[in-house]
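Novice: Just so it is clear, I am handing over my_file-v1.cif, which has mmCIF, C-alpha atoms and all ligand atoms.
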```
data_work
#
loop_
_atom_site.label_atom_id
_atom_site.label_comp_id
_atom_site.auth_asym_id
_atom_site.auth_seq_id
_atom_site.Cartn_x
_atom_site.Cartn_y
_atom_site.Cartn_z
CA MET F 138 31.44 -39.88 -9.28
CA ILE F 139 32.63 -37.69 -6.40
CA SER F 140 35.64 -38.73 -4.35
CA PHE F 141 35.51 -37.36 -0.84
CA ASP F 142 38.98 -37.31 0.70
CA VAL F 143 38.85 -36.39 4.37
CA ILE F 144 41.98 -35.44 6.28
CA THR F 145 41.34 -35.93 9.98
CA LEU F 146 42.93 -36.96 13.26
CA PHE F 147 39.81 -38.98 14.09
CA PRO F 148 38.78 -41.16 11.12
CA ASN F 149 36.75 -43.42 13.45
CA LEU F 150 34.24 -40.64 14.01
CA PHE F 151 33.00 -41.13 10.44
CA ASN F 152 32.46 -44.89 10.36
CA GLU F 153 28.93 -45.28 11.72
CA HIS F 154 27.64 -42.45 9.57
CA LEU F 155 29.16 -43.71 6.35
CA VAL F 156 27.56 -47.16 6.48
CA ASN F 157 24.08 -45.66 6.75
CA LEU F 158 21.84 -43.70 4.39
CA PRO F 159 22.32 -41.62 2.36
CA PHE F 160 26.02 -42.60 2.02
CA LYS F 161 25.29 -46.34 1.79
CA LYS F 162 23.01 -45.81 -1.22
CA ALA F 163 25.41 -43.43 -2.95
CA VAL F 164 28.28 -45.93 -2.60
CA GLU F 165 26.08 -48.79 -3.88
CA LEU F 166 25.19 -46.71 -6.94
CA GLY F 167 28.86 -45.93 -7.53
CA LEU F 168 28.20 -42.20 -7.14
CA ILE F 169 30.75 -41.54 -4.41
CA SER F 170 33.83 -42.95 -2.77
CA VAL F 171 34.94 -41.84 0.68
CA ASN F 172 38.60 -42.04 1.67
CA LEU F 173 39.56 -41.20 5.23
CA HIS F 174 43.17 -40.09 5.71
CA ASN F 175 44.65 -40.05 9.20
CA LEU F 176 46.74 -36.92 9.51
CA ARG F 177 49.25 -38.76 11.73
CA ASP F 178 50.18 -40.95 8.75
CA PHE F 179 51.73 -37.87 7.12
CA THR F 180 54.08 -36.97 9.96
CA GLU F 181 57.80 -37.73 9.82
CA ASP F 182 58.92 -37.93 13.45
CA LYS F 183 58.65 -40.96 15.69
CA HIS F 184 56.02 -39.28 17.91
CA LYS F 185 53.81 -38.54 14.89
CA THR F 186 53.53 -34.90 15.91
CA VAL F 187 50.73 -32.98 14.24
CA ASP F 188 50.56 -29.85 16.38
CA ASP F 189 52.73 -27.21 18.02
CA LYS F 190 52.45 -24.08 20.17
CA PRO F 191 51.20 -20.91 18.47
CA PHE F 192 53.77 -18.24 17.58
CA GLY F 193 53.08 -15.06 19.53
CA GLY F 194 51.68 -16.99 22.47
CA GLY F 195 48.14 -18.00 23.26
CA VAL F 196 46.37 -21.01 24.64
CA GLY F 197 46.25 -24.44 23.07
CA MET F 198 47.97 -26.05 20.13
CA VAL F 199 47.81 -25.40 16.41
CA LEU F 200 47.90 -28.04 13.65
CA LYS F 201 51.23 -27.83 11.83
CA PRO F 202 51.28 -27.14 8.09
CA GLU F 203 53.72 -29.87 6.94
CA PRO F 204 51.57 -32.99 7.49
CA ILE F 205 48.52 -31.31 5.93
CA PHE F 206 50.40 -30.15 2.81
CA LYS F 207 51.92 -33.63 2.55
CA ALA F 208 48.50 -35.29 2.90
CA VAL F 209 46.95 -33.22 0.10
CA SER F 210 49.93 -33.79 -2.15
CA SER F 211 49.88 -37.54 -1.55
CA ILE F 212 46.10 -37.75 -2.14
CA GLY F 213 46.55 -35.92 -5.44
CA LYS F 214 44.04 -33.52 -6.98
CA LYS F 215 41.70 -34.60 -9.79
CA LYS F 216 40.61 -32.25 -12.55
CA SER F 217 37.67 -30.55 -10.85
CA ALA F 218 38.86 -30.96 -7.29
CA ARG F 219 38.16 -28.55 -4.45
CA VAL F 220 40.31 -28.35 -1.32
CA ILE F 221 38.10 -27.17 1.54
CA THR F 222 39.33 -26.34 5.01
CA LEU F 223 36.78 -26.23 7.82
CA SER F 224 36.97 -23.21 10.09
CA PRO F 225 34.53 -21.01 12.02
CA ARG F 226 36.26 -18.11 10.22
CA GLY F 227 35.24 -19.37 6.78
CA ILE F 228 32.47 -18.50 4.35
CA LYS F 229 29.07 -19.66 5.60
CA TYR F 230 27.92 -22.99 4.12
CA THR F 231 24.55 -23.01 2.33
CA GLN F 232 22.40 -25.31 0.20
CA LYS F 233 23.60 -23.31 -2.81
CA LYS F 234 27.17 -24.40 -2.02
CA ALA F 235 25.99 -28.00 -1.64
CA LYS F 236 24.54 -27.82 -5.16
CA GLU F 237 27.79 -26.37 -6.51
CA TYR F 238 29.85 -29.10 -4.80
CA SER F 239 27.58 -31.84 -6.18
CA ASN F 240 29.10 -31.14 -9.62
CA LEU F 241 32.73 -31.62 -8.53
CA SER F 242 34.74 -34.79 -9.10
CA GLN F 243 36.70 -34.58 -5.86
CA ILE F 244 36.26 -32.80 -2.54
CA ILE F 245 39.21 -32.78 -0.16
CA LEU F 246 38.09 -31.80 3.34
CA ILE F 247 40.63 -30.69 5.93
CA CYS F 248 39.37 -31.07 9.51
CA GLY F 249 40.98 -28.91 12.17
CA ARG F 250 41.30 -29.69 15.88
CA TYR F 251 42.56 -27.97 19.04
CA GLU F 252 43.00 -24.21 18.55
CA GLY F 253 42.86 -24.54 14.79
CA ILE F 254 45.13 -24.87 11.78
CA ASP F 255 48.28 -23.02 10.71
CA GLU F 256 47.02 -20.10 8.57
CA ARG F 257 49.22 -21.12 5.61
CA VAL F 258 46.94 -24.12 5.06
CA LEU F 259 43.99 -21.75 4.73
CA THR F 260 45.74 -19.22 2.49
CA ASN F 261 48.06 -21.38 0.39
CA LEU F 262 46.57 -24.85 0.19
CA SER F 263 42.81 -24.40 0.36
CA ASP F 264 40.53 -23.37 -2.48
CA GLU F 265 37.91 -22.44 0.08
CA VAL F 266 37.53 -22.06 3.83
CA ILE F 267 34.06 -23.01 4.99
CA SER F 268 32.18 -22.46 8.25
CA ILE F 269 28.97 -24.35 8.99
CA GLY F 270 27.72 -21.61 11.32
CA ASP F 271 28.57 -19.01 13.92
CA PHE F 272 29.51 -21.37 16.72
CA VAL F 273 32.62 -23.31 17.65
CA LEU F 274 32.94 -27.09 17.64
CA SER F 275 35.90 -29.16 18.82
CA GLY F 276 36.84 -30.36 15.35
CA GLY F 277 36.08 -30.24 11.64
CA GLU F 278 34.71 -33.81 11.53
CA LEU F 279 31.05 -32.93 12.07
CA PRO F 280 31.26 -29.99 9.63
CA ALA F 281 32.84 -32.35 7.06
CA LEU F 282 30.03 -34.88 7.53
CA ILE F 283 27.44 -32.12 7.20
CA ILE F 284 28.93 -30.98 3.92
CA MET F 285 29.24 -34.54 2.61
CA GLU F 286 25.70 -35.49 3.56
CA SER F 287 24.13 -32.37 2.08
CA VAL F 288 26.00 -33.00 -1.20
CA VAL F 289 25.22 -36.72 -1.35
CA ARG F 290 21.46 -36.08 -0.90
CA LEU F 291 21.54 -34.11 -4.16
CA LEU F 292 23.01 -36.90 -6.28
CA PRO F 293 20.53 -38.56 -8.66
CA GLY F 294 19.00 -41.78 -7.31
CA VAL F 295 20.17 -41.35 -3.71
CA LEU F 296 16.83 -40.31 -2.25
CA GLU F 297 13.85 -42.67 -2.60
CA LYS F 298 11.85 -39.96 -4.29
CA GLU F 299 13.92 -37.66 -6.43
CA GLU F 300 11.50 -34.75 -6.04
CA ALA F 301 12.12 -34.84 -2.29
CA SER F 302 15.40 -32.96 -2.71
CA LEU F 303 13.89 -30.64 -5.33
CA ASN F 304 11.14 -29.45 -2.98
CA GLU F 305 13.05 -29.25 0.27
CA SER F 306 13.86 -26.05 2.11
CA PHE F 307 16.53 -23.90 0.43
CA SER F 308 16.32 -25.94 -2.77
CA LYS F 309 14.98 -23.15 -4.96
CA GLU F 310 15.60 -19.48 -5.24
CA THR F 311 12.30 -17.61 -5.32
CA LEU F 312 11.32 -14.31 -6.88
CA ASN F 313 9.08 -13.14 -4.03
CA GLY F 314 11.41 -11.46 -1.57
CA SER F 315 12.60 -14.46 0.43
CA PRO F 316 15.91 -15.57 -1.11
CA PHE F 317 15.10 -19.27 -0.81
CA LYS F 318 12.10 -21.48 -0.74
CA ILE F 319 11.33 -22.85 2.74
CA GLU F 320 9.29 -26.01 3.06
CA TYR F 321 5.72 -25.87 4.43
CA PRO F 322 4.79 -27.62 7.74
CA GLN F 323 4.25 -31.38 7.47
CA TYR F 324 1.65 -33.48 9.33
CA THR F 325 0.90 -37.19 9.51
CA ARG F 326 -1.61 -39.43 11.33
CA PRO F 327 -3.32 -39.13 13.78
CA GLN F 328 -5.51 -36.27 12.54
CA ASN F 329 -6.23 -35.33 16.16
CA PHE F 330 -3.38 -35.84 18.62
CA ASN F 331 -4.46 -35.02 22.18
CA GLY F 332 -6.63 -32.19 20.83
CA LEU F 333 -3.89 -30.88 18.49
CA LYS F 334 -5.53 -30.99 15.08
CA VAL F 335 -4.13 -31.10 11.57
CA PRO F 336 -5.27 -28.03 9.57
CA ASP F 337 -8.68 -28.90 7.98
CA VAL F 338 -7.54 -27.92 4.50
CA LEU F 339 -4.98 -30.76 4.37
CA THR F 340 -7.69 -33.38 4.84
CA SER F 341 -10.25 -31.61 2.62
CA GLY F 342 -9.25 -33.34 -0.61
CA ASN F 343 -9.34 -29.90 -2.30
CA HIS F 344 -6.00 -30.01 -4.17
CA LYS F 345 -6.11 -26.38 -5.25
CA ALA F 346 -6.76 -25.21 -1.67
CA ILE F 347 -4.00 -27.54 -0.39
CA GLU F 348 -1.49 -26.13 -2.87
CA GLU F 349 -2.45 -22.58 -1.86
CA TRP F 350 -2.08 -23.46 1.84
CA LYS F 351 1.36 -24.99 1.19
CA LYS F 352 2.47 -21.91 -0.73
CA ALA F 353 1.19 -19.53 1.97
CA ASN F 354 2.93 -21.51 4.70
CA SER F 355 6.29 -21.99 2.99
CA LYS F 356 8.07 -19.53 5.26
CA PRO F 357 10.60 -19.52 8.08
CA LEU F 358 9.27 -20.11 11.62
CA ILE F 359 10.56 -16.77 12.90
N1 LIG H 401 40.26 -21.27 17.71
C1 LIG H 401 39.38 -21.39 16.60
C2 LIG H 401 38.55 -20.12 16.46
O1 LIG H 401 38.29 -19.48 17.47
O2 LIG H 401 38.15 -19.80 15.32
C3 LIG H 401 38.44 -22.58 16.79
C4 LIG H 401 39.10 -23.89 16.62
S1 LIG H 401 38.00 -25.23 16.80
C5 LIG H 401 38.05 -25.54 18.53
C6 LIG H 401 38.87 -26.57 16.10
C7 LIG H 401 38.47 -26.93 14.68
O3 LIG H 401 37.11 -27.29 14.62
C8 LIG H 401 38.63 -25.84 13.64
O4 LIG H 401 39.97 -25.74 13.18
C9 LIG H 401 37.67 -26.29 12.55
O5 LIG H 401 38.27 -27.22 11.68
C10 LIG H 401 36.58 -26.98 13.35
N2 LIG H 401 35.40 -26.12 13.54
C11 LIG H 401 34.91 -25.68 14.71
N3 LIG H 401 33.80 -24.94 14.54
C12 LIG H 401 33.55 -24.93 13.21
C13 LIG H 401 32.56 -24.32 12.40
N4 LIG H 401 31.60 -23.57 12.91
N5 LIG H 401 32.61 -24.50 11.06
C14 LIG H 401 33.60 -25.24 10.51
N6 LIG H 401 34.58 -25.84 11.23
C15 LIG H 401 34.56 -25.68 12.56
#
```
Would you write out, as structure tokens, the structure that this file holds?
Ligand code: SAM
Specialist:
Amino acid sequence: MISFDVITLFPNLFNEHLVNLPFKKAVELGLISVNLHNLRDFTEDKHKTVDDKPFGGGVGMVLKPEPIFKAVSSIGKKKSARVITLSPRGIKYTQKKAKEYSNLSQIILICGRYEGIDERVLTNLSDEVISIGDFVLSGGELPALIIMESVVRLLPGVLEKEEASLNESFSKETLNGSPFKIEYPQYTRPQNFNGLKVPDVLTSGNHKAIEEWKKANSKPLI
């Protein structure tokens, strides 16, 4: 069972996602629990202040350390817990990380907003700082959902067909140069769509030739 504890200023952003697949199935199977923690609940002033101006000047506001430290301490860390802060400056997230996280008992995700988070949260509270790519979003909520969803898909019984997650892109390390397996192109009916035809081999019934075609075409598009 993995407990996801998400610290965010916008818990409502998660709701629609969490009641749908794959989260719905994982909750039904008792494989995960998701707890959303509103950062404002860990403030101590009457205005529920979570941010302040950056020292040294600069635009925008920075999330203060106190409410975030207080949130993590009040959530409490289980034995194999990981505290992960989302930041474009972090280590790049990969399927390999998703696999690693799928073995944890608790994942605490800290979502930033505005100009970011006081650096002491990254250096003194977080076990890891993770980026989901070289671009900047307005908050850590989508990155948190991306991490959660990629982890949940790997839990046994969540996908209709277990082998689906075993054969997907990035699921295996290969020995042939490319660091990860990439899935081959997929086609469905109709066989001829406005003159765009499915490769003949896939409808040939020749399983050996189909396997060879899949292997040869398991490569990135660029
Ligand atoms: N000023 C920061 C910078 O230039 O690195 C960007 C802050 S961003 C507008 C606000 C928050 O969104 C971040 O604190 C982080 O939690 C989240 N965020 C934005 N892009 C992200 C990414 N690529 N990966 C992970 N988190 C991201």
Novice: Just want the 7 Å neighbourhood of Arg250 (chain F), counted on only C-alpha atoms, with same-chain residues fewer than 5 positions away dropped. Output as a list in words.
Specialist: Ser275, Gly276 and Gly277 of chain F
Novice: Using all atoms listed in the file, determine which residues fall within 10 Å of ligand LIG 401 (chain H), then list them as a ChimeraX atom specification.
Specialist: /F:145,196-200,222-230,246-255,266-281,283-284
Novice: What does the distance from CA of Asn172 (chain F) to CA of Asp189 (chain F) come to in Å, to one decimal?
Specialist: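 Computing the Euclidean distance for CA of Asn172 (chain F) and CA of Asp189 (chain F) yields 26.2 Å.
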Novice: Which residue gives the smallest distance to Gln323 (chain F) among F:Ser210, F:Asn343, F:Asn354, F:Asn157, with only C-alpha atoms counted?
Specialist: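 Checking each of F:Ser210, F:Asn343, F:Asn354, F:Asn157 against Gln323 (chain F), counting only C-alpha atoms, the winner is F:Asn354.
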Novice: Which polymer residues have any atom within 12 Å of an atom of Glu348 (chain F), counting all atoms listed in the file, with same-chain residues fewer than 6 positions away left out, as an MDAnalysis selection string?
Specialist: chainID F and resid 321 338:339 341:342 354:355
Novice: Of the candidates F:Asn152, F:Thr231, F:Asp264, F:Thr340, which shows the shortest atom-to-atom distance to Thr325 (chain F), using all atoms listed in the file?
Specialist: F:Thr340
Novice: Could you state the separation of CA of Ile169 (chain F) and CA of Phe147 (chain F) in Å, given to one decimal place?
Specialist: 20.8 Å
Novice: For each of F:Ile319, F:Leu158, F:Leu166, F:Leu150, take the minimum atom-to-atom distance to Pro293 (chain F), counting all atoms listed in the file, then give the residue where this is smallest.
Specialist: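 Once distances to Pro293 (chain F) are computed over all atoms listed in the file, the minimum belongs to F:Leu166.
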Novice: Figure out the distance between CA of Lys356 (chain F) and CA of Leu292 (chain F), please, to one decimal in Å.
Specialist: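 Straight-line distance from CA of Leu292 (chain F) to CA of Lys356 (chain F) works out to 25.7 Å.
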